[in-house]
Amino acid sequence: MRPDDDRGEPELPPGPSAAKRALRAAMPWLAVLGLFVLWEVAVRAFRIPDYLLPAPLEIWSQTYALKAMVGMHTLATLETILYGFVMAAAISLPLAVLVTASPAIASAVYPLLVIVHSIPKVALAPVLVVALGANELPRIAITFLVCFFPLVISIAAGLLAVPAEYIEMCRACRASRLRELWRVRLPYAVPFIFSGLKVAITLAVVGAVVGEFVASEKGLGYLIQSSTAFFKTPLAFGAIVILAIIGIALFQAVVAIERAFFPWAVSDDRFRE
Amino acid sequence: MRPDDDRGEPELPPGPSAAKRALRAAMPWLAVLGLFVLWEVAVRAFRIPDYLLPAPLEIWSQTYALKAMVGMHTLATLETILYGFVMAAAISLPLAVLVTASPAIASAVYPLLVIVHSIPKVALAPVLVVALGANELPRIAITFLVCFFPLVISIAAGLLAVPAEYIEMCRACRASRLRELWRVRLPYAVPFIFSGLKVAITLAVVGAVVGEFVASEKGLGYLIQSSTAFFKTPLAFGAIVILAIIGIALFQAVVAIERAFFPWAVSDDRFRE
Amino acid sequence: QDRVTLQLDWIPTGEYAIYYNAIDNGFFREQRLEVTINRGQGSGDTIRRVAAGTAEFGVADIATVMTARQRSNDSRVKAVMPVYTKPPHSLFVMKGSGITNFKGLEGKRVGTTPGNSHQIYLPLLAAANNFDPNKINWVTTDPGAMGAMLINGQLDAAPFFQTHQYFQNKQAQRFNREIEAIPYANFGLDAYASTIIASDTMIERNPDLIKRFLAALQKSFVWARDNQQAAAVIHNKHHPQIDVDDALGSLRTGLTFVFNDVTTRDRLGQFSAERLRLTYDLVARTQQLDLNIDPGSFVVTNLASGS
Amino acid sequence: MIQIDRVDQVFRARDGAGVVALRDVSLRVEANSFVCVVGPSGCGKSTLLRLIAGLIPCTRGSISVSGQRVDGPREEVGFVFQKPTLLPWASVLDNVLMPLKLMGRPTEGPRGRAMELLAMAGLAGFEQKLPGELSGGMQQRVAICRALIHDPPILLMDEPFGALDALTREEMSLELLRIWTERRKTIVFVTHSISEAVLLADQVVVMSARPGRIDRVIDVKVPRPRNFDQQGDPEFQRVSHTVRELIYANRKAAADAP
Amino acid sequence: MIQIDRVDQVFRARDGAGVVALRDVSLRVEANSFVCVVGPSGCGKSTLLRLIAGLIPCTRGSISVSGQRVDGPREEVGFVFQKPTLLPWASVLDNVLMPLKLMGRPTEGPRGRAMELLAMAGLAGFEQKLPGELSGGMQQRVAICRALIHDPPILLMDEPFGALDALTREEMSLELLRIWTERRKTIVFVTHSISEAVLLADQVVVMSARPGRIDRVIDVKVPRPRNFDQQGDPEFQRVSHTVRELIYANRKAAADAP
Ligand SMILES: Nc1ncnc2c1ncn2[C@@H]1O[C@H](COP(=O)(O)OP(=O)(O)OP(=O)(O)O)[C@@H](O)[C@H]1O
Ligand SMILES: Nc1ncnc2c1ncn2[C@@H]1O[C@H](COP(=O)(O)OP(=O)(O)OP(=O)(O)O)[C@@H](O)[C@H]1O
Ligand SMILES: [Mg+2]
Ligand SMILES: [Mg+2]
């Protein structure tokens, strides 16, 4: 009937274009840039005194002037963050498994974890320093203590959220607890785990700084404290800005890992736009 | 064939006995009690110096002696915690909805939230105190800032984890975004939300203390700091213990609310024992 | 060669140049010592660390040493040498505010922090200075916010060690304001402040090590006094965040608490029984301690040579 | 009236490759007619319904409903999904009322109607149960009630009776016919039962697999009102036979292809 | 051999009330026999299979398999659930291999077998797809392959062909019969199709609803090997008719009850 009756193969609907993907990757940093511009304008417009909130450009110039030293402190903090975070990730998994093993264990263990999490780490610092020595261990321990709890809670919630039908399937196969965990519960819990990791990685940044406040000669936490003590507000804010950037970068790294290795758990793209 | 061919109605399998339920409710506090006993024994056995870690009995006697004052400080802290937490709960829901509205918004907003969360609140304190005045607002603000992030992340993860089939069902009914959210996404996200609330409530305790460290003339944070300054270590630890108990009590309250109002989201009992 | 650690009481602002130059000038090495200097978290924390053996020596306020020793059975540390023979406590006010003495504080907003010694000592000076401490309006706030709030006019006075005046004032000057200090020492607060502390165990087992350490420190105090510019440069090398100029400003003020009429009278590094008594009376009254204790029990006087 | 015009549907698989689910599909469903779709598993029946419902946009071609081009879901459509997709936290009654809630319509009045529908589906007394407390077939019946609650003029039903036993299936078929007759709806109904298709439909659409195409549209001239006694009618037999032949022939052709 | 001895099953509903799903059920399934279970929706068929599999303990009575009392799941049982319950993150192939993985057995060798099973189910070429990329019927076929992967001597199948079209259903039936004949398995098979039940079974168990009871166990004497051409046999017709009569009579009785 129609002339083009035998039309060609239908084409695939195009995926997101390269430009769009690049924009999306750049988005977080554009947002941060926007914030800085706003900040600079606000400081100038409202004449906010620099000892209170210095302008970004001034922060930049004062921080850049001491770049070697700032770099050293940044590396020290990064190290603390990573050790503490890795420790938290490694320990919270078995803890979450333990907590989900039975309601009785959960009721007994959770309060102890809550204690550790809800008391101020600053108060624990003296005990930790004496117990672990005046080296990098106390601040790694503090980082760990600050960030492990959300991980345990999220992983445990994920392990328990598995629909009954999957568990029945496992049981029908006589799967051992461990295999059930590994093959079904953990994969199912991935969105929960990553929500925990996202919280934990940013908390690790906070934890490292708190650790450096109380037990360190170096690191951005120390730099913030000492610059504040010396009334070097721009330098202190320089350290804070670096911390924020570390936080965003690590957060984005977690997001990227989730996207790369667990695409089925990232529902963003499926439902939106 | 058999004599008892017409047996009576089959009986319901019995639910968990009252004794078992009572034990379960008491479990958290038994665990805490056990911890105290262990602590007392350890302090005595290893002769841990009292300026580092006083024994529970001594903490009790010194704290109890000042019970009126300690009670006043406790109330002040509780108030800060609750205001901060309620604020966080109220604000994080719309934030999570915003963040899940589109991937572009998420990529732009998350970094800003990460900034707020990953920079040390202690460093923000001066700005907050100067901006909000030396009253209770800065410490409520700090409590809020400390605990809202895990809520946003968890709620957002939950809103996005809804299976495609439910969303399709909503779309087939031409549900508005708001109704889809209210009827489907939020109920589905309940386990995520509660995992966030559990983290947030304990973080609120930490946040209140941090807030009181920097800007308060009352509250347990103030008590810890001033007792420490005067070397009243047992009193400082008394305040810490009270904090821990507040943390556990609030955590258990969240757990109880989850059990009471969202029994379908609490999978504990279904799969275990 | 003995390896020891000196635990400071706070973050090393410029006045701490009196310690750091001993490393660069080799004063410690001369005494066969290899010293690490750690920043501190307040006198209380320093005492804990020294008592627990995490650090061999510490810098701590003698008031805290006295309090700690009575409130805790296990915090067995003593002061082995005075550093500040006068208290560095002061209140910063803005020039032109009309406040020049404590009487002028009545009805004014004065900043404080939890457990702040400025707030605790002030009532003790009331009688001598004829003012009513109850009329002072204390505002608890963040230490970091204090300076800003003062310059902003949210506080009328802020408690600071006088050593911080120089660099705070520099900021204020950029806004055409000037900070003035009302030093407690000038209004009758007679007491020791910073001291070097060591644990009882150490004092008993290794007095020689302490002697060597104190000797090196005395040399470095004197050197810093005589070479202030050079000491500030050394300090800046250890702490690049602090400009030489700021370090110098702080050091200059700090030295007035190390070297002054009291020091001249009692000789550098020596406690006098009479001033110890005054100090303890003060501490005991503010902390409700037993007044009948011999203040000599908090110090060891025979390890530092007088010079 | 539903008009499907030369529609292609291509899915992007996980590896980025395209999966052609529908190829050059055209179909016209008259207003108030009952059309059944049969075809082998995976031939694109569910995809076709989702396209009509506006749940997914077609890769090529166009679809219009009542003369309006479909570019999203419409309120006048009721959809029974292949899986029940009941909300596990809501009671059976709330699940049935869910479309009204989602549309923001009042639910107090239609409560009675929901109870009636549930009774019709043999679920009286189960209103307050949770979906997890129902058997598979009971869940499916709840899903059918849900699609009927707002009395939509167009019904898209994807194997709605798949999990029902023979008897319940027959009863539900007759109920559906009654509702269709009384309230004049347009129904597109996917089924695997040839006799069910012939019993219900004005037209049976036979699809062939990979890529999904419409093989033939067969008119069913069996007189209405229909019942199961007509299964012996020659016209019924003839249509059933034709449909069966088509399906088997397709399969043979597919098997013979290289 | 499966021996079910006076089993009651009561569920505790959300409101704490008891729901009697099975009442005084006794049944003996001989080793290597093929038993089909039919009955109205909600009569307790799935519950019965789950009891035999040891997934839930019976409220009263006892069940034994091969002479051993059932107190938990057993490796020698393969289960096809009513819903496919495929793991959404695992490929089709991995889903088929999942029982082996969960049992901690090697999966490299059985890979070939998994591919064969998938090919048998008409899913060759879909090995690397995710379950979400398959149609409903395709998912169900994957679930069948999964139950067969470890070649269990006992197969419990809950409406395994429910979502399949007539043709695929016939093909899968014949495949199942072939496997059953070659490897001598004991199969309990829930279905809603009476003709399917009669085609497959040595015995058809007819259940009645609320509370679920076994109404009658009917021996099917149609000679083996069977095929669809036997549907005209008098014995086939007789058994089908009996089953149908029973089901309809039950329904009538239920409707007549007060
Ligand atoms: N989201 C998807 N991604 C990729 N492929 C898909 C997707 N959905 C469906 N397909 C493919 O499209 C084809 C048609 O699927 P559809 O669900 O429409 O089949 P169906 O006719 O409904 O089959 P059944 O009778 O088994 O339900 C199948 O080959 C399937 O693999
Ligand atoms: N977890 C449960 N809690 C409460 N009641 C249940 C539960 N599971 C099943 N039931 C009830 O038990 C009865 C039997 O359910 P079952 O799933 O065994 O039926 P079925 O014969 O498989 O039905 P269908 O053919 O519809 O799948 C039903 O009335 C159902 O409501
Ligand atoms: Mg389908
Ligand atoms: Mg069933």
# chains A, B, ... in the order shown; residues from 1 in each chain; ligands from 1

call {"tool": "residues_around", "arguments": {"residues": "Leu128 in chain A", "least_positions_apart": "6", "cutoff": "9 Å", "atoms": "only C-alpha atoms", "output": "MDAnalysis selection string"}}
result
chainID A and resid 134 137:139 141:142

call {"tool": "residues_near_ligand", "arguments": {"ligand": "ligand 2", "cutoff": "6 Å", "atoms": "only C-alpha atoms and all ligand atoms", "output": "ChimeraX atom specification"}}
result
/D:132-138 /E:11-13,19,21,41-47

call {"tool": "write_last_selection", "arguments": {"atoms": "all heavy atoms", "output": "compact mmCIF listing (two decimals), in the first residue's frame"}}
result
# COMPACT_ATOMS: atom_id res chain seq x y z
N GLY D 132 0.44 -10.23 50.83
CA GLY D 132 1.30 -11.37 51.16
C GLY D 132 0.56 -12.52 51.81
O GLY D 132 1.07 -13.63 51.89
N GLU D 133 -0.66 -12.26 52.27
CA GLU D 133 -1.43 -13.31 52.92
C GLU D 133 -2.39 -14.00 51.94
O GLU D 133 -3.21 -14.80 52.36
CB GLU D 133 -2.23 -12.73 54.09
CG GLU D 133 -1.32 -12.16 55.18
CD GLU D 133 -2.08 -11.41 56.27
OE1 GLU D 133 -3.15 -10.85 55.98
OE2 GLU D 133 -1.59 -11.37 57.39
N LEU D 134 -2.27 -13.63 50.65
CA LEU D 134 -3.15 -14.23 49.65
C LEU D 134 -2.38 -15.22 48.78
O LEU D 134 -1.16 -15.13 48.64
CB LEU D 134 -3.73 -13.14 48.74
CG LEU D 134 -4.53 -12.02 49.40
CD1 LEU D 134 -5.15 -11.15 48.31
CD2 LEU D 134 -5.60 -12.58 50.31
N SER D 135 -3.11 -16.13 48.18
CA SER D 135 -2.48 -17.03 47.21
C SER D 135 -2.27 -16.28 45.90
O SER D 135 -2.79 -15.19 45.70
CB SER D 135 -3.38 -18.24 46.98
OG SER D 135 -4.43 -17.90 46.11
N GLY D 136 -1.48 -16.89 45.00
CA GLY D 136 -1.15 -16.25 43.72
C GLY D 136 -2.39 -15.85 42.94
O GLY D 136 -2.51 -14.73 42.44
N GLY D 137 -3.33 -16.77 42.84
CA GLY D 137 -4.54 -16.50 42.07
C GLY D 137 -5.38 -15.41 42.72
O GLY D 137 -6.01 -14.60 42.03
N MET D 138 -5.41 -15.40 44.03
CA MET D 138 -6.18 -14.37 44.73
C MET D 138 -5.57 -12.99 44.46
O MET D 138 -6.28 -12.01 44.25
CB MET D 138 -6.19 -14.67 46.22
CG MET D 138 -7.00 -15.91 46.58
SD MET D 138 -6.51 -16.58 48.18
CE MET D 138 -7.80 -15.99 49.23
N PHE E 11 -2.26 -20.52 59.26
CA PHE E 11 -1.42 -19.32 59.23
C PHE E 11 -1.94 -18.32 60.25
O PHE E 11 -3.15 -18.22 60.48
CB PHE E 11 -1.46 -18.65 57.85
CG PHE E 11 -0.70 -19.40 56.81
CD1 PHE E 11 -1.37 -20.13 55.84
CD2 PHE E 11 0.68 -19.38 56.80
CE1 PHE E 11 -0.66 -20.81 54.86
CE2 PHE E 11 1.39 -20.06 55.83
CZ PHE E 11 0.72 -20.78 54.86
N ARG E 12 -1.01 -17.57 60.81
CA ARG E 12 -1.41 -16.48 61.70
C ARG E 12 -1.52 -15.23 60.85
O ARG E 12 -0.53 -14.74 60.31
CB ARG E 12 -0.33 -16.31 62.77
CG ARG E 12 -0.63 -15.24 63.80
CD ARG E 12 0.53 -15.14 64.77
NE ARG E 12 0.49 -16.20 65.77
CZ ARG E 12 -0.27 -16.11 66.87
NH1 ARG E 12 -1.01 -15.06 67.09
NH2 ARG E 12 -0.25 -17.10 67.74
N ALA E 13 -2.74 -14.73 60.70
CA ALA E 13 -2.92 -13.53 59.87
C ALA E 13 -2.46 -12.30 60.64
O ALA E 13 -2.14 -12.37 61.82
CB ALA E 13 -4.38 -13.40 59.46
N VAL E 19 -5.75 -18.60 60.02
CA VAL E 19 -6.34 -18.91 58.72
C VAL E 19 -6.01 -20.37 58.43
O VAL E 19 -4.84 -20.73 58.34
CB VAL E 19 -5.74 -18.02 57.61
CG1 VAL E 19 -6.32 -18.41 56.26
CG2 VAL E 19 -5.96 -16.56 57.91
N ALA E 21 -5.37 -23.13 56.17
CA ALA E 21 -5.08 -23.30 54.75
C ALA E 21 -5.25 -24.77 54.35
O ALA E 21 -5.72 -25.07 53.26
CB ALA E 21 -3.67 -22.83 54.44
N SER E 41 -8.51 -21.76 43.14
CA SER E 41 -7.53 -20.78 43.61
C SER E 41 -7.70 -20.55 45.11
O SER E 41 -8.81 -20.36 45.60
CB SER E 41 -7.74 -19.47 42.85
OG SER E 41 -6.94 -18.46 43.37
N GLY E 42 -6.58 -20.63 45.84
CA GLY E 42 -6.62 -20.38 47.28
C GLY E 42 -6.94 -21.59 48.11
O GLY E 42 -7.18 -21.49 49.31
N CYS E 43 -6.92 -22.80 47.49
CA CYS E 43 -7.29 -23.98 48.25
C CYS E 43 -6.12 -24.58 49.01
O CYS E 43 -6.29 -25.52 49.77
CB CYS E 43 -7.90 -25.05 47.34
SG CYS E 43 -6.67 -25.83 46.29
N GLY E 44 -4.92 -24.06 48.80
CA GLY E 44 -3.79 -24.55 49.59
C GLY E 44 -2.79 -25.39 48.81
O GLY E 44 -1.97 -26.09 49.40
N LYS E 45 -2.81 -25.30 47.49
CA LYS E 45 -1.87 -26.09 46.68
C LYS E 45 -0.43 -25.65 46.93
O LYS E 45 0.45 -26.48 47.20
CB LYS E 45 -2.21 -25.94 45.19
CG LYS E 45 -3.63 -26.31 44.85
CD LYS E 45 -3.95 -26.15 43.38
CE LYS E 45 -3.93 -24.72 42.89
NZ LYS E 45 -4.98 -23.86 43.50
N SER E 46 -0.21 -24.34 46.85
CA SER E 46 1.16 -23.84 47.08
C SER E 46 1.60 -24.18 48.49
O SER E 46 2.75 -24.56 48.73
CB SER E 46 1.20 -22.34 46.87
OG SER E 46 0.79 -22.01 45.57
N THR E 47 0.68 -24.04 49.43
CA THR E 47 1.01 -24.34 50.81
C THR E 47 1.44 -25.80 50.95
O THR E 47 2.43 -26.12 51.63
CB THR E 47 -0.21 -24.05 51.70
OG1 THR E 47 -0.64 -22.71 51.47
CG2 THR E 47 0.12 -24.25 53.16

call {"tool": "select_by_dssp", "arguments": {"residues": "range 9-245 of chain E", "states": "helix (DSSP H, G or I)", "output": "PyMOL selection string"}}
result
chain E and resi 45-52+92-103+110-120+131-133+136-148+166-183+194-200+228-232+234-245

call {"tool": "select_by_dssp", "arguments": {"residues": "range 46-194 of chain C", "states": "strand (DSSP E or B)", "output": "ChimeraX atom specification"}}
result
/C:57-61,77-82,89-94,109-112,137-140,157-161,179-183,194

call {"tool": "residues_around", "arguments": {"residues": "range 41-46 of chain B", "least_positions_apart": "5", "cutoff": "12 Å", "atoms": "only C-alpha atoms", "output": "PyMOL selection string"}}
result
chain B and resi 34-36+51-58

call {"tool": "write_last_selection", "arguments": {"atoms": "all heavy atoms", "output": "compact mmCIF listing (two decimals), in the first residue's frame"}}
result
# COMPACT_ATOMS: atom_id res chain seq x y z
N GLY B 34 25.71 -5.17 81.54
CA GLY B 34 26.87 -6.05 81.40
C GLY B 34 28.13 -5.25 81.11
O GLY B 34 29.20 -5.50 81.69
N LEU B 35 27.98 -4.26 80.25
CA LEU B 35 29.13 -3.42 79.91
C LEU B 35 29.67 -2.72 81.15
O LEU B 35 30.88 -2.67 81.38
CB LEU B 35 28.70 -2.39 78.86
CG LEU B 35 29.81 -1.45 78.40
CD1 LEU B 35 30.76 -2.16 77.48
CD2 LEU B 35 29.23 -0.22 77.71
N PHE B 36 28.76 -2.21 81.97
CA PHE B 36 29.20 -1.50 83.18
C PHE B 36 29.96 -2.43 84.12
O PHE B 36 30.99 -2.06 84.69
CB PHE B 36 27.99 -0.89 83.90
CG PHE B 36 27.57 0.42 83.32
CD1 PHE B 36 26.31 0.59 82.80
CD2 PHE B 36 28.46 1.48 83.29
CE1 PHE B 36 25.93 1.80 82.24
CE2 PHE B 36 28.09 2.70 82.74
CZ PHE B 36 26.82 2.85 82.21
N TYR B 51 42.07 9.38 86.17
CA TYR B 51 41.95 10.55 85.31
C TYR B 51 41.70 10.14 83.87
O TYR B 51 41.34 10.95 83.02
CB TYR B 51 43.22 11.42 85.39
CG TYR B 51 44.49 10.70 85.06
CD1 TYR B 51 44.88 10.49 83.75
CD2 TYR B 51 45.30 10.20 86.08
CE1 TYR B 51 46.04 9.81 83.45
CE2 TYR B 51 46.46 9.52 85.78
CZ TYR B 51 46.83 9.33 84.48
OH TYR B 51 47.97 8.64 84.18
N LEU B 52 41.93 8.85 83.60
CA LEU B 52 41.75 8.36 82.24
C LEU B 52 40.35 7.76 82.09
O LEU B 52 39.61 8.12 81.18
CB LEU B 52 42.81 7.29 81.97
CG LEU B 52 43.26 7.16 80.54
CD1 LEU B 52 43.87 8.46 80.07
CD2 LEU B 52 44.29 6.04 80.46
N LEU B 53 40.04 6.84 82.97
CA LEU B 53 38.76 6.14 82.88
C LEU B 53 38.35 5.78 84.30
O LEU B 53 38.78 4.75 84.84
CB LEU B 53 38.94 4.87 82.04
CG LEU B 53 37.66 4.15 81.64
CD1 LEU B 53 36.84 4.99 80.69
CD2 LEU B 53 37.99 2.81 80.98
N PRO B 54 37.48 6.58 84.91
CA PRO B 54 37.05 6.28 86.28
C PRO B 54 36.13 5.06 86.28
O PRO B 54 35.53 4.74 85.25
CB PRO B 54 36.28 7.53 86.70
CG PRO B 54 36.33 8.47 85.56
CD PRO B 54 36.85 7.78 84.37
N ALA B 55 36.01 4.41 87.42
CA ALA B 55 35.15 3.24 87.53
C ALA B 55 33.69 3.68 87.62
O ALA B 55 33.38 4.73 88.18
CB ALA B 55 35.54 2.42 88.75
N PRO B 56 32.77 2.85 87.08
CA PRO B 56 31.35 3.21 87.07
C PRO B 56 30.80 3.59 88.45
O PRO B 56 30.04 4.56 88.56
CB PRO B 56 30.68 1.94 86.54
CG PRO B 56 31.71 1.30 85.70
CD PRO B 56 33.02 1.61 86.35
N LEU B 57 31.18 2.84 89.48
CA LEU B 57 30.62 3.14 90.80
C LEU B 57 31.03 4.54 91.25
O LEU B 57 30.24 5.28 91.83
CB LEU B 57 31.06 2.09 91.82
CG LEU B 57 30.37 0.73 91.65
CD1 LEU B 57 30.85 -0.25 92.71
CD2 LEU B 57 28.85 0.89 91.70
N GLU B 58 32.28 4.88 90.98
CA GLU B 58 32.73 6.20 91.37
C GLU B 58 32.01 7.28 90.55
O GLU B 58 31.61 8.31 91.07
CB GLU B 58 34.23 6.31 91.16
CG GLU B 58 34.79 7.53 91.87
CD GLU B 58 36.28 7.68 91.66
OE1 GLU B 58 36.94 6.66 91.38
OE2 GLU B 58 36.76 8.82 91.78

call {"tool": "residues_around", "arguments": {"residues": "Asp158 in chain E", "least_positions_apart": "6", "cutoff": "7 Å", "atoms": "only C-alpha atoms", "output": "short mmCIF file (atom, residue, chain, number, x, y, z; two decimals) with N, CA and C atoms, in the first residue's frame"}}
result
data_model
loop_
_atom_site.label_atom_id
_atom_site.label_comp_id
_atom_site.auth_asym_id
_atom_site.auth_seq_id
_atom_site.Cartn_x
_atom_site.Cartn_y
_atom_site.Cartn_z
N SER E 46 -0.21 -24.34 46.85
CA SER E 46 1.16 -23.84 47.08
C SER E 46 1.60 -24.18 48.49
N VAL E 80 9.92 -25.31 41.76
CA VAL E 80 9.56 -24.20 40.88
C VAL E 80 8.46 -23.43 41.59
N PHE E 81 8.79 -22.19 41.99
CA PHE E 81 7.80 -21.40 42.71
C PHE E 81 6.76 -20.84 41.75
N GLN E 82 5.64 -20.43 42.36
CA GLN E 82 4.57 -19.89 41.53
C GLN E 82 5.01 -18.59 40.83
N PHE E 189 3.07 -31.74 40.83
CA PHE E 189 2.91 -30.69 39.83
C PHE E 189 1.55 -30.03 40.02
N VAL E 190 1.57 -28.75 40.35
CA VAL E 190 0.30 -28.02 40.50
C VAL E 190 -0.06 -27.38 39.17
#

call {"tool": "interface_residues", "arguments": {"of": "chain A", "to": "chain B", "cutoff": "7 Å", "atoms": "only C-alpha atoms", "output": "ChimeraX atom specification"}}
result
/A:24,27-28,31-32,52,102-104,107-108,111-112,114-115,117-120,126-127,150,153-154,157,160-161,191,195,199,202-203,205-206,209,240,243-244,247-248,267-268,272-273

call {"tool": "interface_residues", "arguments": {"of": "chain B", "to": "chain D", "cutoff": "10 Å", "atoms": "only C-alpha atoms", "output": "list in words"}}
result
Pro163, Glu165, Tyr166, Ile167, Glu168, Met169, Cys170, Arg171, Ala172, Cys173, Arg174, Ala175, Ser176, Arg177, Leu178, Arg179, Glu180, Leu181, Trp182, Arg183, Val184, Pro187, Tyr188, Phe262, Pro263, Trp264 and Ala265 of chain B
